[in-house]
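Data file: upload33.pdb. Format and content: PDB, C-alpha atoms.
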```
MODEL        1
ATOM      1  CA  MET Z  41      95.771 106.247 123.825
ATOM      2  CA  SER Z  42      96.769 106.295 127.445
ATOM      3  CA  ALA Z  43      99.924 108.184 128.409
ATOM      4  CA  GLN Z  44     101.369 104.912 129.747
ATOM      5  CA  LYS Z  45     101.183 103.239 126.357
ATOM      6  CA  ALA Z  46     104.225 103.411 124.110
ATOM      7  CA  PRO Z  47     103.852 101.361 120.908
ATOM      8  CA  ILE Z  48     107.102 102.837 119.642
ATOM      9  CA  ARG Z  49     108.821 100.981 122.481
ATOM     10  CA  ASN Z  50     106.437  98.135 123.341
ATOM     11  CA  GLY Z  51     105.058  97.272 119.929
ATOM     12  CA  LEU Z  52     101.537  96.591 118.804
ATOM     13  CA  ARG Z  53     100.334  95.388 122.212
ATOM     14  CA  ASP Z  54      99.963  99.070 123.054
ATOM     15  CA  ILE Z  55      97.490  99.647 120.203
ATOM     16  CA  THR Z  56      94.008  98.238 120.712
ATOM     17  CA  LEU Z  57      91.778  97.075 117.890
ATOM     18  CA  GLY Z  58      89.353  99.832 118.876
ATOM     19  CA  GLU Z  59      92.088 102.441 118.483
ATOM     20  CA  LEU Z  60      93.078 101.018 115.109
ATOM     21  CA  LEU Z  61      89.486 101.040 113.857
ATOM     22  CA  GLU Z  62      88.925 104.548 115.177
ATOM     23  CA  GLN Z  63      92.144 105.946 113.696
ATOM     24  CA  PRO Z  64      93.630 103.580 111.091
ATOM     25  CA  ALA Z  65      96.600 105.905 110.590
ATOM     26  CA  ILE Z  66      97.870 105.056 114.097
ATOM     27  CA  LEU Z  67      99.679 102.006 112.742
ATOM     28  CA  LEU Z  68     101.471 103.945 110.012
ATOM     29  CA  ASP Z  69     102.154 106.897 112.297
ATOM     30  CA  THR Z  70     103.789 104.597 114.839
ATOM     31  CA  LEU Z  71     105.883 102.852 112.202
ATOM     32  CA  GLN Z  72     106.997 106.143 110.682
ATOM     33  CA  GLU Z  73     107.815 107.571 114.118
ATOM     34  CA  LYS Z  74     110.132 104.619 114.729
ATOM     35  CA  LEU Z  75     111.758 105.087 111.313
ATOM     36  CA  GLU Z  76     112.333 108.772 112.024
ATOM     37  CA  GLY Z  77     113.730 108.101 115.496
ATOM     38  CA  LEU Z  78     116.003 105.211 114.530
ATOM     39  CA  PRO Z  79     116.357 105.303 110.738
ATOM     40  CA  VAL Z  80     117.266 102.187 108.798
ATOM     41  CA  SER Z  81     120.329 102.738 106.652
ATOM     42  CA  ALA Z  82     119.468 101.849 103.054
ATOM     43  CA  ARG Z  83     123.183 101.480 102.435
ATOM     44  CA  LYS Z  84     123.673  98.943 105.224
ATOM     45  CA  TYR Z  85     120.262  97.232 105.051
ATOM     46  CA  GLY Z  86     119.250  97.672 101.423
ATOM     47  CA  GLU Z  87     116.709  94.868 101.153
ATOM     48  CA  PHE Z  88     115.272  95.536 104.607
ATOM     49  CA  SER Z  89     114.894  99.226 103.778
ATOM     50  CA  LEU Z  90     112.973  98.340 100.592
ATOM     51  CA  GLN Z  91     110.788  95.904 102.528
ATOM     52  CA  LEU Z  92     109.949  98.606 105.055
ATOM     53  CA  ASP Z  93     109.000 100.952 102.199
ATOM     54  CA  ASP Z  94     106.750  98.226 100.761
ATOM     55  CA  THR Z  95     105.269  97.640 104.212
ATOM     56  CA  VAL Z  96     104.404 101.310 104.654
ATOM     57  CA  ARG Z  97     102.783 101.418 101.195
ATOM     58  CA  LEU Z  98     100.897  98.187 101.845
ATOM     59  CA  LEU Z  99      99.614  99.242 105.255
ATOM     60  CA  ARG Z 100      98.557 102.595 103.821
ATOM     61  CA  ALA Z 101      96.642 100.826 101.040
ATOM     62  CA  ILE Z 102      95.044  98.390 103.491
ATOM     63  CA  THR Z 103      94.022 100.997 106.065
ATOM     64  CA  SER Z 104      92.557 103.201 103.336
ATOM     65  CA  ARG Z 105      90.723 100.127 102.007
ATOM     66  CA  SER Z 106      92.124 100.633  98.532
ATOM     67  CA  TYR Z 107      93.882  97.241  98.531
ATOM     68  CA  THR Z 108      92.042  94.225  99.911
ATOM     69  CA  ASP Z 109      93.595  91.263  98.091
ATOM     70  CA  LEU Z 110      96.144  90.368 100.765
ATOM     71  CA  SER Z 111      95.366  87.225 102.752
ATOM     72  CA  LEU Z 112      94.768  87.571 106.455
ATOM     73  CA  LEU Z 113      97.682  85.217 107.108
ATOM     74  CA  ALA Z 114     100.067  87.458 105.159
ATOM     75  CA  LEU Z 115      98.762  90.495 107.041
ATOM     76  CA  VAL Z 116      99.128  88.791 110.418
ATOM     77  CA  ASP Z 117     102.666  87.687 109.581
ATOM     78  CA  LEU Z 118     103.556  91.177 108.383
ATOM     79  CA  LEU Z 119     102.092  92.769 111.511
ATOM     80  CA  HIS Z 120     104.091  90.329 113.602
ATOM     81  CA  ALA Z 121     107.269  91.542 111.855
ATOM     82  CA  VAL Z 122     106.173  95.170 112.324
ATOM     83  CA  ASN Z 123     105.647  94.460 116.007
ATOM     84  CA  TYR Z 124     109.128  92.969 116.286
ATOM     85  CA  PHE Z 125     110.559  96.038 114.543
ATOM     86  CA  LEU Z 126     108.740  98.426 116.897
ATOM     87  CA  VAL Z 127     109.927  96.754 120.096
ATOM     88  CA  LEU Z 128     113.154  98.509 121.024
ATOM     89  CA  GLU Z 129     114.441  95.860 123.411
ATOM     90  CA  ASP Z 130     114.070  92.785 121.206
ATOM     91  CA  ASP Z 131     116.698  90.052 120.827
ATOM     92  CA  THR Z 132     119.220  92.635 119.652
ATOM     93  CA  PRO Z 133     118.321  96.155 120.835
ATOM     94  CA  ASP Z 134     117.890  98.421 117.824
ATOM     95  CA  SER Z 135     120.218 101.095 119.176
ATOM     96  CA  GLN Z 136     123.184  98.695 119.164
ATOM     97  CA  LEU Z 137     125.577  98.237 116.276
ATOM     98  CA  ASP Z 138     123.830  95.855 113.847
ATOM     99  CA  GLY Z 139     120.700  96.214 115.989
ATOM    100  CA  TYR Z 140     118.464  95.900 112.948
ATOM    101  CA  GLN Z 141     119.920  92.574 111.793
ATOM    102  CA  ASP Z 142     117.281  90.561 113.679
ATOM    103  CA  ASP Z 143     114.498  92.873 112.484
ATOM    104  CA  ALA Z 144     115.719  92.464 108.906
ATOM    105  CA  GLN Z 145     115.583  88.693 109.344
ATOM    106  CA  ALA Z 146     111.986  88.865 110.606
ATOM    107  CA  PHE Z 147     110.935  90.847 107.533
ATOM    108  CA  ALA Z 148     112.926  88.615 105.180
ATOM    109  CA  GLU Z 149     111.031  85.591 106.456
ATOM    110  CA  VAL Z 150     107.660  87.266 105.858
ATOM    111  CA  PHE Z 151     108.623  88.547 102.419
ATOM    112  CA  THR Z 152     109.866  85.074 101.470
ATOM    113  CA  ALA Z 153     106.833  83.230 102.852
ATOM    114  CA  HIS Z 154     104.364  85.574 101.119
ATOM    115  CA  LYS Z 155     106.414  86.455  98.046
ATOM    116  CA  GLU Z 156     103.615  85.835  95.558
ATOM    117  CA  GLU Z 157     101.100  87.989  97.411
ATOM    118  CA  LEU Z 158     103.592  90.788  98.005
ATOM    119  CA  ASP Z 159     104.652  90.736  94.354
ATOM    120  CA  LYS Z 160     100.966  91.011  93.434
ATOM    121  CA  PHE Z 161     100.654  94.037  95.711
ATOM    122  CA  ARG Z 162     103.751  95.662  94.205
ATOM    123  CA  ALA Z 163     102.303  95.187  90.695
ATOM    124  CA  TRP Z 164      98.999  96.696  91.866
ATOM    125  CA  HIS Z 165     100.838  99.615  93.473
ATOM    126  CA  ARG Z 166     102.829 100.352  90.292
ATOM    127  CA  ARG Z 167      99.560 100.534  88.332
ATOM    128  CA  GLN Z 168      98.253 103.146  90.789
ATOM    129  CA  LEU Z 169     101.120 105.564  90.053
TER     130      LEU Z 169
ENDMDL
END
```
Serialized structure, structure tokens:
Amino acid sequence: MSAQKAPIRNGLRDITLGELLEQPAILLDTLQEKLEGLPVSARKYGEFSLQLDDTVRLLRAITSRSYTDLSLLALVDLLHAVNYFLVLEDDTPDSQLDGYQDDAQAFAEVFTAHKEELDKFRAWHRRQL
């Protein structure tokens, strides 16, 4: 990736499809870097924190090609929420008090819209343990 790119600040627009195909872990690495830099309080954002954990597990399973039953629409919607989470200067900047409230809402909408598919993934994931 070019030195000018900053997906941790600008979101997924700074990751090309070629980069993702070449190094699938780039998506997870970027997401985890954001979580390390600006952690989500499980106490304050319990459901959102769990959804982020599920997202990391799901993206890991997808990029390793061990889980392929998710619809493309669900993946696109989830990646859209991930993008929103990565962008630091979104509707409510993440560094502000309650800065993750809008991000939590974006994930809640995806997890509601694709509840059945995400429940199916969670069941699959539990069987892998």
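Those residues returned by the PyMOL selection byres ((chain Z and resi 146) around 12) for this file are Phe88, Gln91, Leu92, Asp117, Leu118, Leu119, His120, Ala121, Val122, Asn123, Tyr124, Phe125, Leu126, Asp130, Asp131, Tyr140, Gln141, Asp142, Asp143, Ala144, Gln145, Phe147, Ala148, Glu149, Val150, Phe151, Thr152 and Ala153 of chain Z.
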Keeping only C-alpha atoms, write the selected residues as a PDB file, in the coordinates of the input.
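The result, stored in out_15.pdb:
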```
ATOM      1  CA  PHE Z  88     115.272  95.536 104.607  1.00  0.00           C
ATOM      2  CA  GLN Z  91     110.788  95.904 102.528  1.00  0.00           C
ATOM      3  CA  LEU Z  92     109.949  98.606 105.055  1.00  0.00           C
ATOM      4  CA  ASP Z 117     102.666  87.687 109.581  1.00  0.00           C
ATOM      5  CA  LEU Z 118     103.556  91.177 108.383  1.00  0.00           C
ATOM      6  CA  LEU Z 119     102.092  92.769 111.511  1.00  0.00           C
ATOM      7  CA  HIS Z 120     104.091  90.329 113.602  1.00  0.00           C
ATOM      8  CA  ALA Z 121     107.269  91.542 111.855  1.00  0.00           C
ATOM      9  CA  VAL Z 122     106.173  95.170 112.324  1.00  0.00           C
ATOM     10  CA  ASN Z 123     105.647  94.460 116.007  1.00  0.00           C
ATOM     11  CA  TYR Z 124     109.128  92.969 116.286  1.00  0.00           C
ATOM     12  CA  PHE Z 125     110.559  96.038 114.543  1.00  0.00           C
ATOM     13  CA  LEU Z 126     108.740  98.426 116.897  1.00  0.00           C
ATOM     14  CA  ASP Z 130     114.070  92.785 121.206  1.00  0.00           C
ATOM     15  CA  ASP Z 131     116.698  90.052 120.827  1.00  0.00           C
ATOM     16  CA  TYR Z 140     118.464  95.900 112.948  1.00  0.00           C
ATOM     17  CA  GLN Z 141     119.920  92.574 111.793  1.00  0.00           C
ATOM     18  CA  ASP Z 142     117.281  90.561 113.679  1.00  0.00           C
ATOM     19  CA  ASP Z 143     114.498  92.873 112.484  1.00  0.00           C
ATOM     20  CA  ALA Z 144     115.719  92.464 108.906  1.00  0.00           C
ATOM     21  CA  GLN Z 145     115.583  88.693 109.344  1.00  0.00           C
ATOM     22  CA  PHE Z 147     110.935  90.847 107.533  1.00  0.00           C
ATOM     23  CA  ALA Z 148     112.926  88.615 105.180  1.00  0.00           C
ATOM     24  CA  GLU Z 149     111.031  85.591 106.456  1.00  0.00           C
ATOM     25  CA  VAL Z 150     107.660  87.266 105.858  1.00  0.00           C
ATOM     26  CA  PHE Z 151     108.623  88.547 102.419  1.00  0.00           C
ATOM     27  CA  THR Z 152     109.866  85.074 101.470  1.00  0.00           C
ATOM     28  CA  ALA Z 153     106.833  83.230 102.852  1.00  0.00           C
TER      29      ALA Z 153
END
```
With distances taken over all atoms listed in the file, the candidate from Z:Leu128, Z:Leu78, Z:Leu158, Z:Leu52 nearest Z:Arg97 is Z:Leu158
Item to check | Contact residues around Z:Glu129 with all atoms listed in the file at 10 Å, ignoring same-chain residues under 6 positions, as a PyMOL selection string | outcome: chain Z and resi 49-50+135+139
Could you save those same residues with C-alpha atoms as an mmCIF file, in the coordinates of the input?
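File produced: out-v5.cif:
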```
data_model
loop_
_atom_site.group_PDB
_atom_site.id
_atom_site.type_symbol
_atom_site.label_atom_id
_atom_site.label_comp_id
_atom_site.auth_asym_id
_atom_site.auth_seq_id
_atom_site.Cartn_x
_atom_site.Cartn_y
_atom_site.Cartn_z
ATOM 1 C CA ARG Z 49 108.821 100.981 122.481
ATOM 2 C CA ASN Z 50 106.437 98.135 123.341
ATOM 3 C CA SER Z 135 120.218 101.095 119.176
ATOM 4 C CA GLY Z 139 120.700 96.214 115.989
#
```
Across Z:Tyr107, Z:Leu68, Z:Asp134, Z:Val116, the smallest distance to Z:Asp93, with only C-alpha atoms counted, is shown by Z:Leu68
### Message
Assuming the chain letters and numbering stay as they are in my file, what does the PyMOL selection byres ((chain Z and resi 65) around 12) actually select? List them as number ranges by chain.
### Response
Z: 55, 59-64, 66-73, 96, 99-105
Keeping C-alpha atoms, export the residues of the selection given above as a compact mmCIF listing (two decimals), in the coordinates of the input.
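After the write, part-v9.txt holds the following:
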```txt
# COMPACT_ATOMS: atom_id res chain seq x y z
CA ILE Z 55 97.49 99.65 120.20
CA GLU Z 59 92.09 102.44 118.48
CA LEU Z 60 93.08 101.02 115.11
CA LEU Z 61 89.49 101.04 113.86
CA GLU Z 62 88.92 104.55 115.18
CA GLN Z 63 92.14 105.95 113.70
CA PRO Z 64 93.63 103.58 111.09
CA ILE Z 66 97.87 105.06 114.10
CA LEU Z 67 99.68 102.01 112.74
CA LEU Z 68 101.47 103.94 110.01
CA ASP Z 69 102.15 106.90 112.30
CA THR Z 70 103.79 104.60 114.84
CA LEU Z 71 105.88 102.85 112.20
CA GLN Z 72 107.00 106.14 110.68
CA GLU Z 73 107.82 107.57 114.12
CA VAL Z 96 104.40 101.31 104.65
CA LEU Z 99 99.61 99.24 105.26
CA ARG Z 100 98.56 102.60 103.82
CA ALA Z 101 96.64 100.83 101.04
CA ILE Z 102 95.04 98.39 103.49
CA THR Z 103 94.02 101.00 106.06
CA SER Z 104 92.56 103.20 103.34
CA ARG Z 105 90.72 100.13 102.01
```
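The coordinates place atom CA of Z:Thr95 at 12.2 Å from atom CA of Z:Leu110.
If you look at atom CA of Z:Gly51 and atom CA of Z:Ala114, they are 18.4 Å away from each other.
Atom pair atom CA of Z:Leu115 / atom CA of Z:Leu98: separated by 9.5 Å.
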From the list Z:Val127, Z:Arg166, Z:Leu90, Z:Asp109, the nearest residue to Z:Pro47 using only C-alpha atoms is Z:Val127
